[in-house]
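One structure is given here, and the rest of the page talks about it.
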Amino acid sequence: MKHAEVVVIWHDGLHLRPAARLVQVARKFRSSVYLKCNGKIADLRSILSVIALCATLDTAVEIEAIGDDEQAATQAIEQVFMDR
């Protein structure tokens, strides 16, 4: 199990466009990838799950990946949060 913490960088929070990008990246990996925020957990293969987090600008979000390629999955998701 691999963990990482990131911060929401988008002015409008974790809205539809970045959520769609996160889901697209997560689906490239065999590992299960989750985001945790304010006591909520989102499956990164489900855009509705990600949107339901309601993560706003500067909110800390934890990435959790479980599986064969968890290291690569975590790094790829972290990269999405770093790219504007």
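Each chain of the structure tokens is named A, B, ... in the order shown, its residues numbered from 1; ligands are numbered from 1 in display order.
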(request) Just the strand (DSSP E) stuff from region 14-82 of chain A, please, per backbone DSSP, written as a PyMOL selection string. (result) chain A and resi 32-37+40-43+60-66
(request) Please provide the set of residues having any atom within 12 Å of region 79-81 of chain A, restricted to only C-alpha atoms, with same-chain residues fewer than 4 positions apart removed, written as JSON, numbers by chain. (result) {"A": [4, 5, 6, 7, 8, 9, 10, 13, 14, 17, 18, 19, 20, 21, 22, 23, 24, 25, 26, 35, 57, 58, 59, 60, 61, 62, 63, 72, 73, 74, 75]}
Go ahead and save the picked residues with N, CA, C and O atoms, as a short mmCIF file (atom, residue, chain, number, x, y, z; two decimals), in the first residue's frame.
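Output below, filename result_39.cif:
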```cif
data_model
loop_
_atom_site.label_atom_id
_atom_site.label_comp_id
_atom_site.auth_asym_id
_atom_site.auth_seq_id
_atom_site.Cartn_x
_atom_site.Cartn_y
_atom_site.Cartn_z
N ALA A 4 0.37 9.02 -0.33
CA ALA A 4 0.98 10.32 -0.62
C ALA A 4 -0.05 11.38 -0.30
O ALA A 4 -1.26 11.12 -0.33
N GLU A 5 0.42 12.56 0.06
CA GLU A 5 -0.50 13.66 0.33
C GLU A 5 -0.24 14.79 -0.66
O GLU A 5 0.91 15.13 -0.94
N VAL A 6 -1.33 15.33 -1.18
CA VAL A 6 -1.25 16.43 -2.14
C VAL A 6 -2.25 17.51 -1.72
O VAL A 6 -3.08 17.28 -0.83
N VAL A 7 -2.16 18.65 -2.37
CA VAL A 7 -3.07 19.76 -2.08
C VAL A 7 -3.79 20.13 -3.37
O VAL A 7 -3.19 20.18 -4.44
N VAL A 8 -5.08 20.42 -3.25
CA VAL A 8 -5.87 20.82 -4.42
C VAL A 8 -5.38 22.19 -4.89
O VAL A 8 -5.36 23.15 -4.11
N ILE A 9 -4.95 22.27 -6.14
CA ILE A 9 -4.35 23.49 -6.68
C ILE A 9 -5.28 24.28 -7.59
O ILE A 9 -4.96 25.41 -7.97
N TRP A 10 -6.41 23.72 -7.94
CA TRP A 10 -7.30 24.36 -8.90
C TRP A 10 -8.18 25.39 -8.19
O TRP A 10 -8.78 25.11 -7.15
N GLY A 13 -11.47 24.34 -7.16
CA GLY A 13 -11.46 23.08 -6.42
C GLY A 13 -11.38 21.90 -7.37
O GLY A 13 -11.06 22.04 -8.54
N LEU A 14 -11.67 20.75 -6.84
CA LEU A 14 -11.62 19.51 -7.62
C LEU A 14 -12.92 19.38 -8.41
O LEU A 14 -13.82 18.63 -8.06
N ARG A 17 -13.35 18.96 -14.72
CA ARG A 17 -12.22 18.78 -15.63
C ARG A 17 -11.03 18.09 -14.96
O ARG A 17 -10.53 17.09 -15.48
N PRO A 18 -10.54 18.55 -13.80
CA PRO A 18 -9.44 17.82 -13.16
C PRO A 18 -9.86 16.44 -12.66
O PRO A 18 -9.07 15.50 -12.67
N ALA A 19 -11.11 16.30 -12.26
CA ALA A 19 -11.60 14.99 -11.82
C ALA A 19 -11.55 14.00 -12.98
O ALA A 19 -11.14 12.84 -12.82
N ALA A 20 -11.95 14.45 -14.16
CA ALA A 20 -11.92 13.59 -15.34
C ALA A 20 -10.48 13.18 -15.67
O ALA A 20 -10.22 12.03 -16.03
N ARG A 21 -9.56 14.11 -15.52
CA ARG A 21 -8.14 13.81 -15.79
C ARG A 21 -7.62 12.78 -14.79
O ARG A 21 -6.91 11.85 -15.16
N LEU A 22 -7.98 12.92 -13.52
CA LEU A 22 -7.56 11.97 -12.49
C LEU A 22 -8.09 10.57 -12.79
O LEU A 22 -7.37 9.58 -12.67
N VAL A 23 -9.34 10.48 -13.17
CA VAL A 23 -9.95 9.18 -13.48
C VAL A 23 -9.26 8.57 -14.69
O VAL A 23 -8.94 7.37 -14.70
N GLN A 24 -8.99 9.38 -15.70
CA GLN A 24 -8.32 8.90 -16.90
C GLN A 24 -6.94 8.32 -16.57
O GLN A 24 -6.58 7.24 -17.04
N VAL A 25 -6.20 8.99 -15.72
CA VAL A 25 -4.86 8.52 -15.33
C VAL A 25 -4.98 7.26 -14.48
O VAL A 25 -4.26 6.28 -14.69
N ALA A 26 -5.89 7.24 -13.52
CA ALA A 26 -6.03 6.09 -12.61
C ALA A 26 -6.41 4.82 -13.36
O ALA A 26 -5.97 3.72 -12.98
N LEU A 35 -8.80 8.43 -3.24
CA LEU A 35 -8.51 9.73 -2.66
C LEU A 35 -9.29 9.83 -1.36
O LEU A 35 -10.46 9.43 -1.29
N LEU A 57 -10.13 24.50 -3.09
CA LEU A 57 -8.76 25.00 -3.23
C LEU A 57 -8.02 24.89 -1.90
O LEU A 57 -8.56 25.21 -0.84
N ASP A 58 -6.79 24.43 -1.96
CA ASP A 58 -5.88 24.28 -0.81
C ASP A 58 -6.29 23.20 0.19
O ASP A 58 -5.78 23.16 1.30
N THR A 59 -7.20 22.34 -0.19
CA THR A 59 -7.59 21.21 0.67
C THR A 59 -6.56 20.09 0.54
O THR A 59 -6.16 19.75 -0.58
N ALA A 60 -6.14 19.53 1.65
CA ALA A 60 -5.21 18.39 1.63
C ALA A 60 -5.98 17.13 1.27
O ALA A 60 -7.07 16.87 1.80
N VAL A 61 -5.41 16.36 0.36
CA VAL A 61 -6.03 15.13 -0.11
C VAL A 61 -4.98 14.02 -0.03
O VAL A 61 -3.83 14.22 -0.43
N GLU A 62 -5.37 12.86 0.48
CA GLU A 62 -4.46 11.74 0.57
C GLU A 62 -4.72 10.77 -0.58
O GLU A 62 -5.87 10.43 -0.86
N ILE A 63 -3.66 10.36 -1.24
CA ILE A 63 -3.75 9.35 -2.30
C ILE A 63 -3.36 8.01 -1.68
O ILE A 63 -2.38 7.93 -0.95
N ALA A 72 3.90 3.49 -9.22
CA ALA A 72 3.72 4.26 -10.46
C ALA A 72 2.37 4.98 -10.47
O ALA A 72 2.28 6.13 -10.91
N ALA A 73 1.33 4.32 -9.96
CA ALA A 73 0.00 4.93 -9.92
C ALA A 73 0.00 6.16 -9.02
O ALA A 73 -0.53 7.22 -9.39
N THR A 74 0.61 6.04 -7.86
CA THR A 74 0.67 7.16 -6.92
C THR A 74 1.43 8.33 -7.54
O THR A 74 0.99 9.48 -7.45
N GLN A 75 2.55 8.05 -8.17
CA GLN A 75 3.34 9.11 -8.79
C GLN A 75 2.58 9.79 -9.92
O GLN A 75 2.63 11.02 -10.07
#
```
(message) I need the residue nearest Leu48 (chain A) from this list: A:Val33, A:Met82, A:Leu16, A:Ile77. Use only C-alpha atoms for the distance.
(response)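 Closest candidate: A:Leu16.
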Would you pick out the contacts of Ala65 (chain A) at 7 Å or less, using only C-alpha atoms, so that residues sharing its chain but fewer than 3 positions from it are not included, and give the list as a PDB file with all heavy atoms, in the first residue's frame?
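Dumped everything to result.pdb:
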```
ATOM      1  N   MET A   1       0.848  -1.171   0.000  1.00  0.00           N
ATOM      2  CA  MET A   1       0.000   0.000   0.000  1.00  0.00           C
ATOM      3  C   MET A   1       0.895   1.236   0.000  1.00  0.00           C
ATOM      4  O   MET A   1       1.821   1.343   0.780  1.00  0.00           O
ATOM      5  CB  MET A   1      -0.908  -0.010   1.227  1.00  0.00           C
ATOM      6  CG  MET A   1      -1.873   1.119   1.238  1.00  0.00           C
ATOM      7  SD  MET A   1      -2.998   1.174   2.659  1.00  0.00           S
ATOM      8  CE  MET A   1      -3.439  -0.506   2.931  1.00  0.00           C
ATOM      9  N   LYS A   2       0.616   2.153  -0.902  1.00  0.00           N
ATOM     10  CA  LYS A   2       1.404   3.370  -1.045  1.00  0.00           C
ATOM     11  C   LYS A   2       0.519   4.572  -0.751  1.00  0.00           C
ATOM     12  O   LYS A   2      -0.620   4.632  -1.216  1.00  0.00           O
ATOM     13  CB  LYS A   2       1.959   3.434  -2.478  1.00  0.00           C
ATOM     14  CG  LYS A   2       2.747   4.645  -2.789  1.00  0.00           C
ATOM     15  CD  LYS A   2       4.098   4.601  -2.132  1.00  0.00           C
ATOM     16  CE  LYS A   2       4.888   5.820  -2.559  1.00  0.00           C
ATOM     17  NZ  LYS A   2       5.844   6.259  -1.621  1.00  0.00           N
ATOM     18  N   HIS A   3       1.039   5.506   0.056  1.00  0.00           N
ATOM     19  CA  HIS A   3       0.310   6.725   0.410  1.00  0.00           C
ATOM     20  C   HIS A   3       1.095   7.950  -0.031  1.00  0.00           C
ATOM     21  O   HIS A   3       2.325   7.927  -0.060  1.00  0.00           O
ATOM     22  CB  HIS A   3       0.125   6.827   1.928  1.00  0.00           C
ATOM     23  CG  HIS A   3      -0.767   5.801   2.498  1.00  0.00           C
ATOM     24  ND1 HIS A   3      -2.111   5.985   2.628  1.00  0.00           N
ATOM     25  CD2 HIS A   3      -0.516   4.566   2.983  1.00  0.00           C
ATOM     26  CE1 HIS A   3      -2.646   4.903   3.175  1.00  0.00           C
ATOM     27  NE2 HIS A   3      -1.686   4.028   3.390  1.00  0.00           N
ATOM     28  N   SER A  31      -3.640  -1.188 -10.201  1.00  0.00           N
ATOM     29  CA  SER A  31      -3.852  -0.946  -8.774  1.00  0.00           C
ATOM     30  C   SER A  31      -5.174  -0.225  -8.531  1.00  0.00           C
ATOM     31  O   SER A  31      -5.645   0.544  -9.375  1.00  0.00           O
ATOM     32  CB  SER A  31      -2.724  -0.087  -8.205  1.00  0.00           C
ATOM     33  OG  SER A  31      -1.503  -0.765  -8.257  1.00  0.00           O
ATOM     34  N   SER A  32      -5.737  -0.461  -7.360  1.00  0.00           N
ATOM     35  CA  SER A  32      -6.884   0.316  -6.909  1.00  0.00           C
ATOM     36  C   SER A  32      -6.342   1.611  -6.330  1.00  0.00           C
ATOM     37  O   SER A  32      -5.418   1.598  -5.524  1.00  0.00           O
ATOM     38  CB  SER A  32      -7.650  -0.438  -5.833  1.00  0.00           C
ATOM     39  OG  SER A  32      -8.159  -1.638  -6.343  1.00  0.00           O
ATOM     40  N   VAL A  33      -6.900   2.738  -6.756  1.00  0.00           N
ATOM     41  CA  VAL A  33      -6.418   4.039  -6.298  1.00  0.00           C
ATOM     42  C   VAL A  33      -7.585   4.804  -5.697  1.00  0.00           C
ATOM     43  O   VAL A  33      -8.667   4.873  -6.282  1.00  0.00           O
ATOM     44  CB  VAL A  33      -5.794   4.847  -7.462  1.00  0.00           C
ATOM     45  CG1 VAL A  33      -5.158   6.116  -6.937  1.00  0.00           C
ATOM     46  CG2 VAL A  33      -4.770   4.019  -8.224  1.00  0.00           C
ATOM     47  N   TYR A  34      -7.341   5.381  -4.518  1.00  0.00           N
ATOM     48  CA  TYR A  34      -8.373   6.101  -3.785  1.00  0.00           C
ATOM     49  C   TYR A  34      -7.872   7.481  -3.385  1.00  0.00           C
ATOM     50  O   TYR A  34      -6.674   7.689  -3.199  1.00  0.00           O
ATOM     51  CB  TYR A  34      -8.760   5.346  -2.511  1.00  0.00           C
ATOM     52  CG  TYR A  34      -9.225   3.945  -2.775  1.00  0.00           C
ATOM     53  CD1 TYR A  34      -8.346   2.877  -2.667  1.00  0.00           C
ATOM     54  CD2 TYR A  34     -10.530   3.686  -3.156  1.00  0.00           C
ATOM     55  CE1 TYR A  34      -8.758   1.580  -2.929  1.00  0.00           C
ATOM     56  CE2 TYR A  34     -10.960   2.390  -3.423  1.00  0.00           C
ATOM     57  CZ  TYR A  34     -10.067   1.343  -3.299  1.00  0.00           C
ATOM     58  OH  TYR A  34     -10.473   0.067  -3.571  1.00  0.00           O
ATOM     59  N   GLU A  70       1.396   0.096  -7.654  1.00  0.00           N
ATOM     60  CA  GLU A  70       0.971   1.179  -6.761  1.00  0.00           C
ATOM     61  C   GLU A  70       1.928   2.369  -6.751  1.00  0.00           C
ATOM     62  O   GLU A  70       1.498   3.516  -6.653  1.00  0.00           O
ATOM     63  CB  GLU A  70       0.742   0.663  -5.343  1.00  0.00           C
ATOM     64  CG  GLU A  70       1.952   0.065  -4.694  1.00  0.00           C
ATOM     65  CD  GLU A  70       1.653  -0.692  -3.416  1.00  0.00           C
ATOM     66  OE1 GLU A  70       0.522  -1.196  -3.235  1.00  0.00           O
ATOM     67  OE2 GLU A  70       2.572  -0.775  -2.590  1.00  0.00           O
ATOM     68  N   ALA A  73       1.332   4.320  -9.965  1.00  0.00           N
ATOM     69  CA  ALA A  73       0.005   4.933  -9.918  1.00  0.00           C
ATOM     70  C   ALA A  73       0.004   6.163  -9.019  1.00  0.00           C
ATOM     71  O   ALA A  73      -0.528   7.216  -9.387  1.00  0.00           O
ATOM     72  CB  ALA A  73      -1.027   3.915  -9.439  1.00  0.00           C
ATOM     73  N   THR A  74       0.611   6.035  -7.862  1.00  0.00           N
ATOM     74  CA  THR A  74       0.673   7.158  -6.923  1.00  0.00           C
ATOM     75  C   THR A  74       1.433   8.329  -7.537  1.00  0.00           C
ATOM     76  O   THR A  74       0.986   9.479  -7.455  1.00  0.00           O
ATOM     77  CB  THR A  74       1.341   6.720  -5.606  1.00  0.00           C
ATOM     78  OG1 THR A  74       0.591   5.645  -5.053  1.00  0.00           O
ATOM     79  CG2 THR A  74       1.393   7.856  -4.602  1.00  0.00           C
TER      80      THR A  74
END
```
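Of note, CA of Cys54 (chain A) and CA of Gly39 (chain A) are spaced 11.5 Å apart.
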(request) Name the residues of chain A that come out as alpha helix (DSSP H) in a backbone DSSP run; write them as a VMD selection string. (result) chain A and resid 16 to 26 47 to 51 70 to 82
(request) Compare A:Cys37, A:Arg30, A:His11, A:Ala42 by their minimum atom-to-atom distance to Ala55 (chain A), counting only C-alpha atoms, and give me the closest one. (result) A:Cys37
